[in-house]
$ cat my_file_36.tsv   # TSV, C-alpha atoms
chain	number	residue	atom	x	y	z
A	2	MET	CA	-20.79	15.54	-3.81
A	3	SER	CA	-19.05	14.47	-7.01
A	4	ILE	CA	-18.82	16.47	-10.23
A	5	ASN	CA	-17.65	15.13	-13.58
A	6	ILE	CA	-17.83	16.40	-17.15
A	7	THR	CA	-21.33	15.03	-17.68
A	8	GLY	CA	-22.47	14.76	-14.07
A	9	ALA	CA	-24.66	11.78	-14.98
A	10	ARG	CA	-24.50	8.98	-12.42
A	11	ILE	CA	-25.93	5.79	-13.88
A	12	LEU	CA	-28.53	4.27	-11.55
A	13	VAL	CA	-30.07	1.56	-13.73
A	14	SER	CA	-29.08	0.01	-17.04
A	15	ILE	CA	-31.85	-1.74	-18.99
A	16	PRO	CA	-30.40	-3.92	-21.78
A	17	GLN	CA	-33.89	-4.88	-22.99
A	18	LEU	CA	-34.45	-1.25	-24.01
A	19	GLY	CA	-31.34	-0.99	-26.13
A	20	GLY	CA	-29.02	-0.27	-23.22
A	21	PHE	CA	-31.14	2.61	-21.92
A	22	MET	CA	-29.40	4.29	-18.98
A	23	LEU	CA	-31.61	5.57	-16.18
A	24	THR	CA	-29.47	8.25	-14.58
A	25	GLU	CA	-29.95	10.56	-11.64
A	26	THR	CA	-30.25	13.41	-14.14
A	27	VAL	CA	-33.15	11.72	-15.93
A	28	ILE	CA	-35.00	10.94	-12.71
A	29	THR	CA	-34.58	14.47	-11.32
A	30	THR	CA	-35.67	16.01	-14.63
A	31	TRP	CA	-38.81	13.85	-14.70
A	32	ILE	CA	-39.62	14.87	-11.13
A	33	VAL	CA	-39.16	18.56	-11.96
A	34	MET	CA	-41.38	18.23	-15.05
A	35	ALA	CA	-44.04	16.43	-13.01
A	36	ILE	CA	-43.99	19.19	-10.39
A	37	LEU	CA	-44.31	21.87	-13.09
A	38	VAL	CA	-47.24	20.06	-14.72
A	39	LEU	CA	-49.02	19.69	-11.38
A	40	ALA	CA	-48.34	23.35	-10.55
A	41	CYS	CA	-49.79	24.46	-13.90
A	42	ARG	CA	-52.82	22.22	-13.38
A	43	PHE	CA	-53.36	23.64	-9.90
A	44	MET	CA	-53.04	27.31	-10.93
A	45	THR	CA	-55.29	26.98	-14.00
A	46	LYS	CA	-58.06	24.92	-12.42
A	47	ASN	CA	-61.55	26.51	-12.56
A	48	LEU	CA	-60.45	29.75	-14.20
A	49	GLU	CA	-62.61	32.83	-13.71
A	50	VAL	CA	-63.20	35.80	-16.01
A	51	HIS	CA	-62.50	38.12	-13.09
A	52	PRO	CA	-59.98	36.26	-10.93
A	53	THR	CA	-60.58	36.13	-7.20
A	54	ARG	CA	-58.25	33.28	-6.33
A	55	LYS	CA	-54.60	34.03	-5.67
A	56	ARG	CA	-53.43	31.09	-7.75
A	57	GLN	CA	-55.13	32.46	-10.86
A	58	VAL	CA	-53.72	35.91	-10.19
A	59	VAL	CA	-50.23	34.40	-9.98
A	60	ALA	CA	-50.83	32.38	-13.16
A	61	GLU	CA	-51.96	35.45	-15.08
A	62	TRP	CA	-48.98	37.43	-13.79
A	63	ILE	CA	-46.61	34.72	-15.03
A	64	VAL	CA	-48.24	34.65	-18.48
A	65	THR	CA	-48.22	38.44	-18.71
A	66	THR	CA	-44.54	38.56	-17.70
A	67	VAL	CA	-43.53	36.00	-20.33
A	68	GLN	CA	-45.58	37.81	-22.97
A	69	GLY	CA	-43.85	41.07	-22.08
A	70	LEU	CA	-40.46	39.40	-22.30
A	71	VAL	CA	-41.22	37.96	-25.74
A	72	ARG	CA	-42.69	41.27	-26.96
A	73	ASP	CA	-39.71	43.32	-25.80
A	74	THR	CA	-37.08	40.88	-27.10
A	75	MET	CA	-38.61	39.41	-30.26
A	76	GLY	CA	-41.33	41.89	-31.21
A	77	PRO	CA	-45.13	42.14	-30.85
A	78	GLN	CA	-45.69	39.92	-33.91
A	79	TYR	CA	-44.57	36.89	-31.88
A	80	LEU	CA	-47.19	37.24	-29.14
A	81	GLU	CA	-49.80	35.18	-30.99
A	82	THR	CA	-47.40	32.35	-31.79
A	83	TRP	CA	-46.21	29.27	-29.92
A	84	TYR	CA	-43.04	31.06	-28.88
A	85	VAL	CA	-44.64	32.43	-25.72
A	86	PRO	CA	-45.42	29.01	-24.19
A	87	LEU	CA	-42.07	27.70	-25.49
A	88	ILE	CA	-40.07	30.41	-23.71
A	89	GLY	CA	-42.19	30.08	-20.57
A	90	ALA	CA	-41.75	26.31	-20.45
A	91	MET	CA	-38.03	26.56	-21.18
A	92	PHE	CA	-37.50	29.11	-18.40
A	93	ALA	CA	-39.51	27.10	-15.87
A	94	LEU	CA	-37.73	23.84	-16.70
A	95	SER	CA	-34.27	25.39	-16.61
A	96	ALA	CA	-34.86	27.24	-13.34
A	97	GLY	CA	-36.62	24.23	-11.79
A	98	CYS	CA	-33.81	21.84	-12.70
A	99	SER	CA	-31.16	24.19	-11.31
A	100	LEU	CA	-33.15	24.85	-8.12
A	101	SER	CA	-33.48	21.11	-7.46
A	102	SER	CA	-30.06	21.34	-5.80
A	103	VAL	CA	-31.73	23.26	-2.94
A	104	VAL	CA	-33.35	20.04	-1.70
A	105	GLY	CA	-30.14	18.03	-2.03
A	106	ALA	CA	-30.65	16.61	-5.53
A	107	LYS	CA	-27.99	16.94	-8.19
A	108	ALA	CA	-29.16	19.64	-10.56
A	109	PRO	CA	-29.76	18.26	-14.08
A	110	THR	CA	-28.24	21.46	-15.44
A	111	CYS	CA	-24.92	20.27	-13.96
A	112	ASP	CA	-25.13	17.53	-16.60
A	113	LEU	CA	-23.72	18.77	-19.89
A	114	SER	CA	-25.93	16.40	-21.87
A	115	THR	CA	-29.05	18.11	-20.50
A	116	VAL	CA	-28.25	21.67	-21.55
A	117	LEU	CA	-26.64	20.44	-24.77
A	118	GLY	CA	-29.90	18.73	-25.68
A	119	TRP	CA	-31.81	21.96	-25.02
A	120	ALA	CA	-29.30	23.94	-27.09
A	121	PHE	CA	-29.58	21.59	-30.09
A	122	PHE	CA	-33.36	21.80	-29.86
A	123	VAL	CA	-33.12	25.59	-30.04
A	124	PHE	CA	-30.59	25.28	-32.88
A	125	ALA	CA	-33.09	23.15	-34.84
A	126	ILE	CA	-35.73	25.88	-34.45
A	127	ILE	CA	-33.22	28.55	-35.54
A	128	THR	CA	-32.23	26.55	-38.63
A	129	TYR	CA	-35.87	25.86	-39.53
A	130	THR	CA	-36.68	29.56	-39.17
A	131	LYS	CA	-33.78	30.58	-41.42
A	132	ILE	CA	-34.74	28.08	-44.13
A	133	ARG	CA	-38.40	29.10	-43.94
A	134	THR	CA	-37.46	32.79	-44.21
A	135	ASN	CA	-34.74	32.67	-46.86
A	136	GLY	CA	-35.47	29.38	-48.60
A	137	PRO	CA	-33.06	26.42	-48.76
A	138	TRP	CA	-30.79	28.05	-51.32
A	139	GLY	CA	-30.84	31.40	-49.53
A	140	TYR	CA	-29.89	29.63	-46.31
A	141	VAL	CA	-26.88	28.00	-47.98
A	142	LYS	CA	-25.85	31.24	-49.70
A	143	GLY	CA	-25.87	32.97	-46.35
A	144	PHE	CA	-22.73	31.05	-45.37
A	145	ALA	CA	-20.88	32.73	-48.26
A	146	ALA	CA	-21.64	36.26	-47.06
A	147	PRO	CA	-20.03	38.71	-47.33
A	148	VAL	CA	-17.44	36.84	-49.46
A	149	VAL	CA	-17.11	33.19	-50.47
A	150	VAL	CA	-13.89	32.66	-48.54
A	151	MET	CA	-15.88	33.19	-45.32
A	152	PHE	CA	-17.91	30.01	-45.96
A	153	PRO	CA	-15.90	27.73	-43.60
A	154	MET	CA	-15.81	30.36	-40.84
A	155	ASN	CA	-19.56	30.96	-41.12
A	156	VAL	CA	-20.24	27.22	-40.89
A	157	ILE	CA	-18.10	26.99	-37.76
A	158	SER	CA	-19.86	30.01	-36.30
A	159	GLU	CA	-23.24	28.41	-37.01
A	160	VAL	CA	-22.29	25.13	-35.33
A	161	ALA	CA	-20.75	26.99	-32.39
A	162	THR	CA	-24.12	28.57	-31.49
A	163	PRO	CA	-25.63	25.59	-29.62
A	164	VAL	CA	-22.25	24.61	-28.15
A	165	SER	CA	-21.67	28.08	-26.68
A	166	MET	CA	-25.22	28.23	-25.29
A	167	ALA	CA	-24.83	24.84	-23.62
A	168	LEU	CA	-21.36	25.47	-22.20
A	169	ARG	CA	-22.37	28.87	-20.83
A	170	HIS	CA	-25.34	27.42	-18.96
A	171	PHE	CA	-23.54	24.27	-17.82
A	172	GLY	CA	-20.38	26.10	-16.77
A	173	ASN	CA	-22.12	28.63	-14.56
A	174	ILE	CA	-24.33	26.09	-12.76
A	175	ALA	CA	-21.63	23.42	-12.39
A	176	SER	CA	-19.00	25.91	-11.21
A	177	GLY	CA	-21.39	27.16	-8.53
A	178	SER	CA	-21.86	23.62	-7.23
A	179	VAL	CA	-18.11	22.99	-7.22
A	180	ILE	CA	-17.30	26.27	-5.45
A	181	THR	CA	-19.96	25.71	-2.79
A	182	THR	CA	-18.76	22.14	-2.19
A	183	LEU	CA	-15.10	23.18	-1.92
A	184	ILE	CA	-15.88	25.98	0.53
A	185	TYR	CA	-18.05	23.71	2.66
A	186	GLY	CA	-15.36	21.02	2.71
A	187	GLY	CA	-12.62	23.54	3.47
A	188	LEU	CA	-14.55	25.07	6.36
A	189	ALA	CA	-15.32	21.61	7.74
A	190	SER	CA	-11.61	20.72	7.69
A	191	LEU	CA	-10.69	24.05	9.27
A	192	SER	CA	-13.33	23.54	11.97
A	193	SER	CA	-11.97	20.06	12.74
A	194	MET	CA	-8.42	21.38	12.97
A	195	VAL	CA	-9.20	24.41	15.14
A	196	LEU	CA	-11.67	22.75	17.50
A	197	GLY	CA	-9.42	19.73	17.77
A	198	LEU	CA	-6.93	21.92	19.65
A	199	PHE	CA	-9.10	21.74	22.76
A	200	PRO	CA	-7.62	19.29	25.23
A	201	GLY	CA	-8.92	15.82	25.95
A	202	ALA	CA	-12.31	14.43	25.09
A	203	LEU	CA	-13.72	17.93	24.49
A	204	GLY	CA	-11.45	18.48	21.52
A	205	SER	CA	-12.19	15.01	20.19
A	206	VAL	CA	-15.94	15.67	20.25
A	207	LEU	CA	-15.81	19.24	18.94
A	208	SER	CA	-13.49	18.31	16.06
A	209	LYS	CA	-16.25	16.15	14.62
A	210	ILE	CA	-18.75	19.02	14.55
A	211	PRO	CA	-18.31	21.30	11.48
A	212	LEU	CA	-19.27	24.45	13.35
A	213	LEU	CA	-17.45	26.76	10.92
A	214	SER	CA	-19.46	25.30	8.05
A	215	PHE	CA	-22.63	26.95	9.30
A	216	GLY	CA	-23.50	30.35	7.87
A	217	LEU	CA	-21.22	31.05	4.91
A	218	PRO	CA	-22.28	28.07	2.72
A	219	ALA	CA	-25.92	29.04	3.30
A	220	ILE	CA	-25.21	32.62	2.20
A	221	LEU	CA	-23.42	31.38	-0.91
A	222	SER	CA	-26.36	29.10	-1.60
A	223	LEU	CA	-28.62	32.15	-1.90
A	224	TYR	CA	-26.53	33.22	-4.89
A	225	PHE	CA	-25.55	29.95	-6.55
A	226	ASP	CA	-28.80	28.06	-5.90
A	227	PHE	CA	-31.35	30.84	-6.29
A	228	PHE	CA	-30.07	33.95	-8.05
A	229	SER	CA	-27.69	32.16	-10.43
A	230	SER	CA	-30.29	29.50	-11.31
A	231	VAL	CA	-32.89	32.08	-12.31
A	232	LEU	CA	-30.28	34.27	-14.01
A	233	GLN	CA	-28.93	31.45	-16.19
A	234	ALA	CA	-32.46	30.40	-17.16
A	235	PHE	CA	-33.19	34.01	-18.14
A	236	ILE	CA	-29.99	34.29	-20.17
A	237	PHE	CA	-30.63	31.01	-21.99
A	238	CYS	CA	-34.17	32.06	-22.89
A	239	THR	CA	-33.05	35.55	-23.93
A	240	LEU	CA	-30.39	34.11	-26.27
A	241	THR	CA	-33.01	31.76	-27.68
A	242	MET	CA	-35.35	34.65	-28.48
A	243	ILE	CA	-32.56	36.78	-29.97
A	244	TYR	CA	-31.32	33.98	-32.24
A	245	ILE	CA	-34.82	33.01	-33.40
A	246	SER	CA	-35.96	36.57	-34.08
A	247	GLY	CA	-32.68	37.23	-35.88
A	248	ALA	CA	-33.16	34.12	-38.00
A	249	ALA	CA	-36.62	35.33	-39.00
A	250	ASP	CA	-35.19	38.51	-40.58
A	251	PRO	CA	-34.58	38.10	-44.33
A	252	GLY	CA	-30.90	37.91	-45.17
A	253	GLU	CA	-29.84	36.91	-41.63

$ encode --input "my_file_36.tsv" --output "structure tokens"
Amino acid sequence: MSINITGARILVSIPQLGGFMLTETVITTWIVMAILVLACRFMTKNLEVHPTRKRQVVAEWIVTTVQGLVRDTMGPQYLETWYVPLIGAMFALSAGCSLSSVVGAKAPTCDLSTVLGWAFFVFAIITYTKIRTNGPWGYVKGFAAPVVVMFPMNVISEVATPVSMALRHFGNIASGSVITTLIYGGLASLSSMVLGLFPGALGSVLSKIPLLSFGLPAILSLYFDFFSSVLQAFIFCTLTMIYISGAADPGE
């Protein structure tokens, strides 16, 4: 498993489409989105007023949970807006992309360009909300608060918002992949060294079996692949809601 700063391995380059690069990240993301669309279609098919099917019960529980999260973080006035499906879709996509590593794929969230794109999308919504709330001139004047000399620092702080969101998400997911890979490789080498001490052909055969790699990497996977994936998706969505609701307050 190889990790680099972007994590994007180029699979196909199509010059006819302006040099479009079809990477492993793009393919995995498309697959995750397709699975999410099919799952939504399955759970919302033939809805009933009084649900009797388990899939509808699960679907309603998911919607209710997202609505509760938006209400508690942003306020009840946001429940009838498009923020509820936005946060739900963002959480599902983030968690789904990170959990794709469970089946051996390289998680798209290990690609900095993926989470950076999400962060700039959120930043665009934040900026739009601030301008809509305070007006264009009020938005510009906000950089000079509380004193004019703070203008450059406030601009830097504004630009740092999407960068910090992206790096936080990318760093936690990528570091988990690196740590798991290093531990697995280290245990495999230790297993080869220890079992290779057996005499003759027995040692030669056993040294090729990474017996010590069984167990611990699987336990670590429960944290890095499951808990951490869901946790980072939750944190990203929570920061999104906090920034947007803050931008909607006059004077923010």

$ atom_distance --input "my_file_36.tsv" --atom1 "CA of Met44 in chain A" --atom2 "CA of Gln57 in chain A"
5.6 Å

$ atom_distance --input "my_file_36.tsv" --atom1 "CA of Arg42 in chain A" --atom2 "CA of Val58 in chain A"
14.1 Å

$ residues_near_point --input "my_file_36.tsv" --point "(-37.4, 22.7, -13.9)" --cutoff "12 Å" --atoms "all atoms listed in the file" --output "VMD selection string"
chain A and resid 26 to 27 29 to 38 40 89 to 102 108 to 110 115 to 116 230 to 231 234

$ residues_around --input "my_file_36.tsv" --residues "Val103 in chain A" --least-positions-apart "5" --cutoff "10 Å" --atoms "all atoms listed in the file" --output "VMD selection string"
chain A and resid 108 222 to 223 225 to 227

$ atom_distance --input "my_file_36.tsv" --atom1 "CA of Tyr140 in chain A" --atom2 "CA of Asp73 in chain A"
26.5 Å

$ residues_around --input "my_file_36.tsv" --residues "Ala167 in chain A" --least-positions-apart "2" --cutoff "10 Å" --atoms "all atoms listed in the file" --output "number ranges by chain"
A: 110, 113-121, 161-165, 169-172, 237

$ residues_around --input "my_file_36.tsv" --residues "Thr241 in chain A" --least-positions-apart "4" --cutoff "9 Å" --atoms "only C-alpha atoms" --output "PyMOL selection string"
chain A and resi 88+120+123-124+127+166+236-237+245-246

$ write_last_selection --input "my_file_36.tsv" --atoms "C-alpha atoms" --output "PDB file, in the frame of the given file"
ATOM      1  CA  ILE A  88     -40.070  30.410 -23.710  1.00  0.00           C
ATOM      2  CA  ALA A 120     -29.300  23.940 -27.090  1.00  0.00           C
ATOM      3  CA  VAL A 123     -33.120  25.590 -30.040  1.00  0.00           C
ATOM      4  CA  PHE A 124     -30.590  25.280 -32.880  1.00  0.00           C
ATOM      5  CA  ILE A 127     -33.220  28.550 -35.540  1.00  0.00           C
ATOM      6  CA  MET A 166     -25.220  28.230 -25.290  1.00  0.00           C
ATOM      7  CA  ILE A 236     -29.990  34.290 -20.170  1.00  0.00           C
ATOM      8  CA  PHE A 237     -30.630  31.010 -21.990  1.00  0.00           C
ATOM      9  CA  ILE A 245     -34.820  33.010 -33.400  1.00  0.00           C
ATOM     10  CA  SER A 246     -35.960  36.570 -34.080  1.00  0.00           C
TER      11      SER A 246
END

$ closest_residue --input "my_file_36.tsv" --among "A:Gln233, A:Thr128, A:Asn155, A:Asn135" --to "Leu168 in chain A" --atoms "only C-alpha atoms"
A:Gln233
